[in-house]
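Below: the structure, in C-alpha cells.
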Amino acid sequence: MTMRIRKVAVLGAGVMGSGIAAHLANSGVRALLLDIVPPKAAPGEDTASKAFKNKFAQGALANMRKQKPSPIVSEQVFTAIEVGNFEDDLGRLAECDWVIEVVKEDMAVKQALFAKVEQHARKGTIISSNTSGLSIKGMLEGRGADFRKNFLVTHFFNPVRYMKLLELVAGPETDPEVVKSIHRFGEEVLGKGIVYGKDTTNFIANRVGTYGMMRTISEMQKAELTIEEVDKIFGPAMGRPKSAVFRTADIVGLDTFSHVAKNCYDTLTQDEERDVFAIPEFLQKMVAKGMLGDKSGGGFYKKDRSAGGKDILALDLKTLEYRPQNKVRYESLGAAKEVENVRERVATVMNGQDKAAKFAERITLDVLAYASRRIPEIADDVVNIDRGMRWGFAWDLGPFETWDAYGVKKGLERMKELGLKAAPWVEEMLAKGRTSFYGVENGKDTYWDIPSKSVKVVPENARTSRVEYLKRGNKKITGNDSATLWDMGDGVTLLEFHSKMNSIDDNIIAMMNTALDETEKNFRGLVIGNDGANFSAGANIMALLWGAKNGEFDTIRNMASGFQAANQRMRYSPVPVVTAPFNLTLGGGAETAMGGNAIQASAELYMGLVEVGVGLIPGGGGTMQLLRNVYGPYSADKDFDAFPFIKKVFLAIGTAKVATSAEEARELGFLNANDGISANRDFLLSDAKQRVIGMANAGFRAPRPTRFRLPGASGYATIDMLLYDMELNGQVSAHDRKIAQKLARVLTGGDTSPSLLVTEERLLELELEAFLSLCGEEKTQDRLMHMLEKGKPLRN
C-alpha cells in the first residue's frame, strides 16, 4: 500500500525551496510554499498585512518567472502553488501529505522548526529535510516516535527541474514503507533518479564530486595547468558536461562550493584524504572579495564588458587578475573529438601520452580509488555511487563505469605505480575471476555486489525501457544505416532513428514506410522513439543544400513529398502510431512527432518548426499539421473565423518558436489535449508502448482527414500588410518578408475562398511548392550554408 501524495508543504523559499515547489507544481502536485516573516520592514510597509508577511515566499514566485533556465514548465503551474509564512500558516501543514524542510543549514534553526512542524502536521505525514550535510541524528533530537518513523532526508539537486538526482537517506527509525513511498513518488511523479545514501557528510554525489574538484584544484598548480586547460580536459572529452570543473563552481557559487568543502573538512575527521577538502588560499581570497561566480558577475570566469560581453575572460590563479583565455590544444583531446562512444573516448584520453592525458589519468584514477574506499561508508554498492555522479553532476559515466572503460586490472596496476590505493575489495573481485564492475547477463545489467562477493542484477523500475534491451534480446526485424525496426513484444513495433543527430534522410523515410508495411501486416501498433541524446534535430540540411546548389530540384521534391506522404501514411494507417519525442525535436523531427495518432512526450521537450532560421518553411507537412492541431476541431465550421487560428500558427512557425517543455508544446499546439507526458525519460518508450496497446485494445480507428475553411487572398493580404509595415520599420529584411509571404500563402489556403473546403492534400501541395521555390533562392542557400558552418541563423 503506497501513500497518495496530493499536496506538499515546502518550508523555506530560497533557491532550493522555490525550485522544489516549482517542480512539484510542474509535476501536477499542489505545493504550499512558506517562509519566515521578514525581520524588518521598509518605511511605510504595513507589518500586519499579508503582503508584508508573505513577502519572501511571494518574492520567490516573482523570481521563478525571471530565472534562466526556467524552473517552471509553463506559466500555468502557478495555479498549483500557494504561499504563506511561518507565523500564520503552519496550521495548514495538516492539509499536506509530505512536508519538506529547506531552511538554512543550521542545526538550531532546523530543530526549532521541526518542533513546530511536529505540533501541526497530521499523524503519519512524511517529513523530510533537504539538508546536504547535517546529521539525521541531530535533526531528530527531542522529536517523538511518530515523527522519527516518518522522517528521512530527501536531497534534491539544483536546478531541481533539470537535475535528475534525488538522494534518499533514511534515519535509524524510519519506516521502510515511507522510504518506498517517496522512492516511487520521486521516480514516477517527479521524474527523478533515486539514489540511497547514508547519514554521512554530503552523502554521495557531493562527497565524491567535491573530492574530485578539490583534488583537481590542488594538483593543477603542480602540473602548471590553467583553468581553461583543466576545463577542456575534464569536459566532454572525459564524458563530463561542458561546464567541467571551474565553470561548474561558478554556476553553483564559490561561497556554496566552499561551504560544502569546509563542511567535509570540519566533519570528516576520519577521512584519510581529509586535507584535500581544505580550502586553498586563492579560493578563500576570492570569496572574501565577493568573486562568487555567476551570481556576482565573475568567479573563475567573467564576461569581458569592454568587448560587449562577447569574450569570456579567465582568472589567473597566481595574480587573481582576469586575462584573455588561451586556445587549448592537446593531441589526446583532439583524438577524443573523433570518438562518438563515450567509453572509448574516455579511454582514448587516459591512454594518451601528453600533459593533458597524464593529468586526466592521474586525477581520474585518484578519484576512482577514493570512490572505491567510500563503500560501504557512504553507499552500499557501486550502482548508487555511479548513479549519484551521473544524475547529480551530469557525468556520462560514473566512477566505476569509467574504471570499467579504462580496464579494472590495468587501473589497479597504474594506481600502484602512481602511489594510489584502491579498496581491498577490488583485488578480491578480480581474484574471483570477475574482470569488470558491470556486465550483462540474460539481457539484464549486472554489477559486482561487494558484501555477497557475487553478481547481482542492477535494480530498476519495471517501466524502464530502452532500445539497448531490444538489441540484447535480438529483437531486430529489419533496418538500414539510419533507422531500425524492433519488436517490442505484445504486438508492438518500435522504429528507432540512428542517423547523425537523428536527422531525417532518405533512409529514414524508407524505413517509415517499411515499418508501416510490417506493422500493418503482422502487428497491432507502432512506436517511434530512440535512446539518443535528442529525438531528432530536423532534416539533413547538408543534403538539401547540396541538392539546391546543384539544381537537383526533382531530388529535393521527391524527398520532401516522400516525407509528407510517410507522415500522412502514419496518421491514416489502420494500426495506431504513437511517437515518443524528447529533448530536441525540431523541424522534420517535429513533423514526425505530429505525424502519428498520439504523442507520448518526455516532460523535457524542446519542440518547434524552426525552418525559417535557414530561410525555408516546413517541407514535411509541418504547416498543415500544426494548422490541423490548432484549427482542426473547428476548421469546417462556418461559425468560426479562421484568422485567429491562422495567426497563432503563423507566429509559431514564422518566429521559429521552440517550446521549452512538453507543457509549453501543448500550449503552442504541437501536442494536443489528449497527448501524454512522461515525467521520467527512462519510462518514455514503455509509456508509449502502453498507449499503443490501449488504443489497439479500445478498437482503434484512424481519424478522418480534416478539411479547412480558409480565407484565401483576403487573409493573405491582411498578413502581407503587417509584413510590409515590419519591413518598412526595419523589423524584418526583404528576404524575411518573402519567406513569411510564402508561409502566409500556404496557411491562408492559396486561391480559395471561405465558401470552399480545402483538403489536407491541397495544403501539402501548397507547402511543397513554397518549400521548393525557397530552396532555389540564393539568400536561402546562404542561410543554409551559414547554419552548417556557424551553427546559428543568418539574418540576410
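To be explicit about the labels: the chains of the C-alpha cells are called A, B, and onward in the order shown, and within each one the residues are counted from 1, while ligands get numbers from 1 in the order they are shown.
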
Next on the checklist: What's around Pro38 in chain A at 8 Å? Count only C-alpha atoms, leave out sequence neighbours fewer than 2 positions away in its own chain, and write the answer as a list in words.
Outcome noted: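 Once the adjacent positions are removed, what remains is Ile36, Lys40, Ala41, Phe52, Lys53, Lys55 and Phe56 of chain A.
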
Grab the residues selected above and save them as a tab-separated table (two decimals), in the first residue's frame with C-alpha atoms.
chain	number	residue	atom	x	y	z
A	36	ILE	CA	9.74	33.44	7.63
A	40	LYS	CA	12.42	44.32	9.21
A	41	ALA	CA	10.04	46.48	7.26
A	52	PHE	CA	4.32	42.03	4.06
A	53	LYS	CA	4.30	38.73	5.97
A	55	LYS	CA	6.97	38.84	1.11
A	56	PHE	CA	9.73	36.19	0.95

Item to check | DSSP-assigned helix (DSSP H, G or I) among range 520-681 of chain A, expressed as a ChimeraX atom specification | outcome: /A:520-522,541-549,553-572,588-595,611-614,622-634,643-654,662-668,681

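If you count only C-alpha atoms and ignore residues fewer than 2 places along the chain from Val382 in chain A, what sits within 9 Å of it is A:Ala371, A:Ser372, A:Ile375, A:Ala379, A:Asp380, A:Asn384, A:Ile385, A:Asp386, A:Arg387, A:Gly398, A:Pro399, A:Phe400, A:Glu401, A:Phe437, A:Tyr447, A:Trp448, A:Asp449, A:Ile450.
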
Item to check | Sel. of strand (DSSP E) residues, range 426-593 of chain A, as a VMD selection string | outcome: chain A and resid 438 to 441 444 to 449 454 to 457 476 to 479 483 to 489 492 to 497 525 to 528 577 to 579 583 to 586

Taking N, CA and C atoms for each residue, export the selection above as a short mmCIF file (atom, residue, chain, number, x, y, z; two decimals), in the first residue's frame.
data_model
loop_
_atom_site.label_atom_id
_atom_site.label_comp_id
_atom_site.auth_asym_id
_atom_site.auth_seq_id
_atom_site.Cartn_x
_atom_site.Cartn_y
_atom_site.Cartn_z
N TYR A 438 30.66 -4.03 -13.93
CA TYR A 438 29.36 -4.25 -14.55
C TYR A 438 29.44 -5.30 -15.65
N GLY A 439 28.31 -5.91 -15.94
CA GLY A 439 28.24 -6.86 -17.05
C GLY A 439 26.80 -6.99 -17.50
N VAL A 440 26.57 -7.87 -18.45
CA VAL A 440 25.21 -8.14 -18.90
C VAL A 440 25.00 -9.64 -18.85
N GLU A 441 23.94 -10.07 -18.18
CA GLU A 441 23.61 -11.49 -18.15
C GLU A 441 22.13 -11.66 -18.43
N LYS A 444 20.12 -8.60 -18.95
CA LYS A 444 19.98 -7.65 -17.84
C LYS A 444 21.35 -7.10 -17.42
N ASP A 445 21.36 -5.81 -17.00
CA ASP A 445 22.59 -5.23 -16.46
C ASP A 445 22.88 -5.84 -15.09
N THR A 446 24.13 -6.24 -14.89
CA THR A 446 24.52 -6.79 -13.59
C THR A 446 25.67 -5.97 -13.01
N TYR A 447 25.88 -6.11 -11.69
CA TYR A 447 27.01 -5.43 -11.06
C TYR A 447 27.61 -6.36 -10.01
N TRP A 448 28.85 -6.07 -9.61
CA TRP A 448 29.52 -6.86 -8.60
C TRP A 448 29.08 -6.36 -7.22
N ASP A 449 28.44 -7.25 -6.45
CA ASP A 449 27.96 -6.88 -5.13
C ASP A 449 29.02 -7.25 -4.10
N SER A 454 29.35 -11.51 -5.03
CA SER A 454 28.71 -12.20 -6.16
C SER A 454 28.10 -11.16 -7.10
N VAL A 455 27.57 -11.65 -8.22
CA VAL A 455 26.99 -10.75 -9.22
C VAL A 455 25.49 -10.60 -8.96
N LYS A 456 25.00 -9.35 -9.01
CA LYS A 456 23.56 -9.11 -8.83
C LYS A 456 23.02 -8.29 -10.00
N VAL A 457 21.71 -8.33 -10.17
CA VAL A 457 21.07 -7.54 -11.24
C VAL A 457 20.90 -6.10 -10.76
N LYS A 476 15.57 -7.42 -33.43
CA LYS A 476 15.57 -6.63 -34.66
C LYS A 476 14.70 -7.29 -35.73
N ILE A 477 13.86 -6.49 -36.40
CA ILE A 477 13.04 -7.02 -37.50
C ILE A 477 13.74 -6.70 -38.82
N THR A 478 14.10 -5.44 -39.00
CA THR A 478 14.81 -5.03 -40.22
C THR A 478 15.40 -3.65 -39.99
N GLY A 479 16.28 -3.21 -40.90
CA GLY A 479 16.86 -1.88 -40.69
C GLY A 479 17.80 -1.47 -41.81
N ALA A 483 18.00 3.88 -39.68
CA ALA A 483 16.86 3.52 -38.83
C ALA A 483 16.73 2.00 -38.72
N THR A 484 16.16 1.54 -37.60
CA THR A 484 15.95 0.10 -37.38
C THR A 484 14.55 -0.11 -36.82
N LEU A 485 13.93 -1.21 -37.24
CA LEU A 485 12.62 -1.59 -36.71
C LEU A 485 12.81 -2.76 -35.75
N TRP A 486 12.28 -2.58 -34.52
CA TRP A 486 12.43 -3.58 -33.47
C TRP A 486 11.07 -4.13 -33.06
N ASP A 487 11.08 -5.34 -32.51
CA ASP A 487 9.87 -5.93 -31.95
C ASP A 487 9.88 -5.68 -30.43
N MET A 488 8.94 -4.85 -29.95
CA MET A 488 8.90 -4.51 -28.52
C MET A 488 8.15 -5.56 -27.70
N GLY A 489 7.55 -6.53 -28.38
CA GLY A 489 6.72 -7.50 -27.67
C GLY A 489 5.28 -7.01 -27.56
N VAL A 492 3.70 -4.93 -30.52
CA VAL A 492 4.07 -3.53 -30.82
C VAL A 492 5.48 -3.49 -31.42
N THR A 493 5.64 -2.67 -32.47
CA THR A 493 6.97 -2.47 -33.06
C THR A 493 7.50 -1.10 -32.65
N LEU A 494 8.83 -0.95 -32.77
CA LEU A 494 9.47 0.33 -32.45
C LEU A 494 10.37 0.73 -33.62
N LEU A 495 10.14 1.92 -34.14
CA LEU A 495 11.03 2.44 -35.18
C LEU A 495 12.02 3.38 -34.52
N GLU A 496 13.31 3.00 -34.60
CA GLU A 496 14.38 3.79 -33.98
C GLU A 496 15.17 4.53 -35.07
N PHE A 497 15.36 5.84 -34.91
CA PHE A 497 16.26 6.59 -35.80
C PHE A 497 17.66 6.52 -35.20
N GLY A 525 0.48 -2.27 -33.49
CA GLY A 525 0.73 -0.83 -33.43
C GLY A 525 2.21 -0.53 -33.45
N LEU A 526 2.54 0.75 -33.67
CA LEU A 526 3.94 1.18 -33.86
C LEU A 526 4.27 2.34 -32.94
N VAL A 527 5.48 2.28 -32.34
CA VAL A 527 6.02 3.40 -31.56
C VAL A 527 7.22 3.95 -32.32
N ILE A 528 7.38 5.28 -32.34
CA ILE A 528 8.59 5.88 -32.92
C ILE A 528 9.35 6.57 -31.81
N VAL A 577 -0.33 4.64 -34.32
CA VAL A 577 1.09 5.03 -34.29
C VAL A 577 1.27 6.07 -33.18
N VAL A 578 2.16 5.79 -32.23
CA VAL A 578 2.45 6.74 -31.14
C VAL A 578 3.90 7.18 -31.25
N THR A 579 4.13 8.49 -31.27
CA THR A 579 5.51 8.99 -31.34
C THR A 579 5.94 9.40 -29.94
N ASN A 583 13.66 15.96 -25.58
CA ASN A 583 14.75 16.91 -25.86
C ASN A 583 14.53 17.60 -27.21
N LEU A 584 15.60 17.75 -28.02
CA LEU A 584 15.42 18.48 -29.29
C LEU A 584 14.54 17.70 -30.25
N THR A 585 13.45 18.33 -30.66
CA THR A 585 12.52 17.73 -31.63
C THR A 585 12.17 18.86 -32.58
N LEU A 586 13.06 19.07 -33.55
CA LEU A 586 12.96 20.29 -34.37
C LEU A 586 12.67 19.96 -35.82
#

Next on the checklist: Using only C-alpha atoms for the distances, tell me which of A:Ile541, A:Val83, A:Gly138, A:Asn442 is nearest to Glu789 in chain A.
Outcome noted: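 Going through A:Ile541, A:Val83, A:Gly138, A:Asn442 one by one, the smallest distance to Glu789 in chain A is for A:Ile541.
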
Checklist entry - Which residue gives the smallest distance to Val467 in chain A among A:Ile126, A:Leu685, A:Val109, A:Val610, with only C-alpha atoms counted? => result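 Smallest distance to Val467 in chain A is found for A:Leu685.
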
With a cut-off of 9 Å, could you pull out the residues of range 155-214 of chain A touching range 276-293 of chain A and give me the nearest pair of atoms for each, distance in Å to one decimal, using only C-alpha atoms, ordered by chain and ascending number, as CSV?
residue,atom,partner,partner_atom,distance
A:Thr210,CA,A:Phe277,CA,7.9
A:Tyr211,CA,A:Phe277,CA,6.8
A:Met214,CA,A:Val276,CA,6.2

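The protein and nucleic acid residues lying at most 8 Å from Val10 in chain A are Gly17, Ile20, Ala21, Ala31, Leu32, Leu33, Leu34, Val99, Ile100, Glu101 and Val102 of chain A, with only C-alpha atoms considered and sequence neighbours fewer than 5 positions away removed.
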
Hey, can you spit out that residue selection with N, CA and C atoms as a PDB file, in the first residue's frame?
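The new file selection.pdb reads:
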ATOM      1  N   GLY A  17      14.294  25.781  -2.076  1.00  0.00           N
ATOM      2  CA  GLY A  17      12.890  25.610  -1.700  1.00  0.00           C
ATOM      3  C   GLY A  17      11.952  25.999  -2.826  1.00  0.00           C
ATOM      4  N   ILE A  20      12.090  23.420  -5.588  1.00  0.00           N
ATOM      5  CA  ILE A  20      11.350  22.191  -5.273  1.00  0.00           C
ATOM      6  C   ILE A  20       9.847  22.433  -5.439  1.00  0.00           C
ATOM      7  N   ALA A  21       9.369  23.581  -4.934  1.00  0.00           N
ATOM      8  CA  ALA A  21       7.932  23.902  -5.058  1.00  0.00           C
ATOM      9  C   ALA A  21       7.544  24.000  -6.535  1.00  0.00           C
ATOM     10  N   ALA A  31       1.490  22.640  -4.159  1.00  0.00           N
ATOM     11  CA  ALA A  31       2.564  22.971  -3.228  1.00  0.00           C
ATOM     12  C   ALA A  31       2.178  24.173  -2.382  1.00  0.00           C
ATOM     13  N   LEU A  32       2.538  24.108  -1.106  1.00  0.00           N
ATOM     14  CA  LEU A  32       2.346  25.233  -0.192  1.00  0.00           C
ATOM     15  C   LEU A  32       3.743  25.706   0.188  1.00  0.00           C
ATOM     16  N   LEU A  33       4.122  26.904  -0.255  1.00  0.00           N
ATOM     17  CA  LEU A  33       5.487  27.410  -0.053  1.00  0.00           C
ATOM     18  C   LEU A  33       5.471  28.447   1.075  1.00  0.00           C
ATOM     19  N   LEU A  34       6.148  28.128   2.177  1.00  0.00           N
ATOM     20  CA  LEU A  34       6.153  29.029   3.340  1.00  0.00           C
ATOM     21  C   LEU A  34       7.569  29.509   3.655  1.00  0.00           C
ATOM     22  N   VAL A  99       5.881  17.055   4.122  1.00  0.00           N
ATOM     23  CA  VAL A  99       6.442  18.369   4.472  1.00  0.00           C
ATOM     24  C   VAL A  99       7.946  18.312   4.243  1.00  0.00           C
ATOM     25  N   ILE A 100       8.459  19.243   3.408  1.00  0.00           N
ATOM     26  CA  ILE A 100       9.905  19.263   3.125  1.00  0.00           C
ATOM     27  C   ILE A 100      10.513  20.516   3.728  1.00  0.00           C
ATOM     28  N   GLU A 101      11.506  20.326   4.574  1.00  0.00           N
ATOM     29  CA  GLU A 101      12.190  21.473   5.194  1.00  0.00           C
ATOM     30  C   GLU A 101      13.389  21.859   4.341  1.00  0.00           C
ATOM     31  N   VAL A 102      13.454  23.144   3.974  1.00  0.00           N
ATOM     32  CA  VAL A 102      14.572  23.634   3.142  1.00  0.00           C
ATOM     33  C   VAL A 102      15.076  24.968   3.702  1.00  0.00           C
TER      34      VAL A 102
END

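You can rank A:Pro754, A:Gly589, A:Gly613, A:Gly12 by their closest distance to His786 in chain A using only C-alpha atoms, and at the top of that list sits A:Gly613.
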
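Between CA of Val758 in chain A and CA of Leu710 in chain A the separation is 7.2 Å.
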
Checklist entry - What's the 10 Å shell around Glu767 in chain A, counting only C-alpha atoms, without same-chain residues fewer than 2 positions away, as number ranges by chain? => result A: 560-561, 564, 617-624, 742-743, 745-747, 749-750, 761-765, 769-772

I'd like the neighbourhood of Gly59 in chain A as a PDB file with C-alpha atoms, in the first residue's frame, where a residue qualifies if any of its atoms comes within 10 Å (using only C-alpha atoms), though same-chain residues fewer than 2 positions away should be ignored.
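As a result, out-v9.pdb now contains:
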ATOM      1  CA  ALA A  13      11.523  29.814  -0.194  1.00  0.00           C
ATOM      2  CA  GLY A  14      15.180  30.267  -1.095  1.00  0.00           C
ATOM      3  CA  SER A  18      11.332  27.595  -4.536  1.00  0.00           C
ATOM      4  CA  ASN A  54       4.359  36.630   2.768  1.00  0.00           C
ATOM      5  CA  LYS A  55       6.974  38.836   1.106  1.00  0.00           C
ATOM      6  CA  PHE A  56       9.726  36.190   0.951  1.00  0.00           C
ATOM      7  CA  ALA A  57       7.535  33.422  -0.456  1.00  0.00           C
ATOM      8  CA  LEU A  61       7.323  33.301  -7.229  1.00  0.00           C
ATOM      9  CA  ALA A  62       8.332  36.547  -8.960  1.00  0.00           C
ATOM     10  CA  ASN A  63      11.864  35.213  -9.193  1.00  0.00           C
ATOM     11  CA  MET A  64      10.691  31.958 -10.839  1.00  0.00           C
ATOM     12  CA  VAL A  83       2.355  30.978  -0.497  1.00  0.00           C
TER      13      VAL A  83
END

Next on the checklist: Under the rule that only C-alpha atoms are counted, which of A:Ile312, A:Val408, A:Leu113, A:Ala261 is the nearest residue to Met429 in chain A?
Outcome noted: A:Val408

Item to check | Close residues, range 690-702 of chain A itself excluded, 12 Å, only C-alpha atoms, min 6 positions apart in chain, as number ranges by chain | outcome: A: 463, 465, 488-494, 523-528, 568-580, 596-601, 674-678, 683-684

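Among the candidate residues A:Gly443, A:Pro705, A:Gly239, A:Gly124, the one lying nearest to Gly473 in chain A is A:Gly443, with distances computed using only C-alpha atoms.
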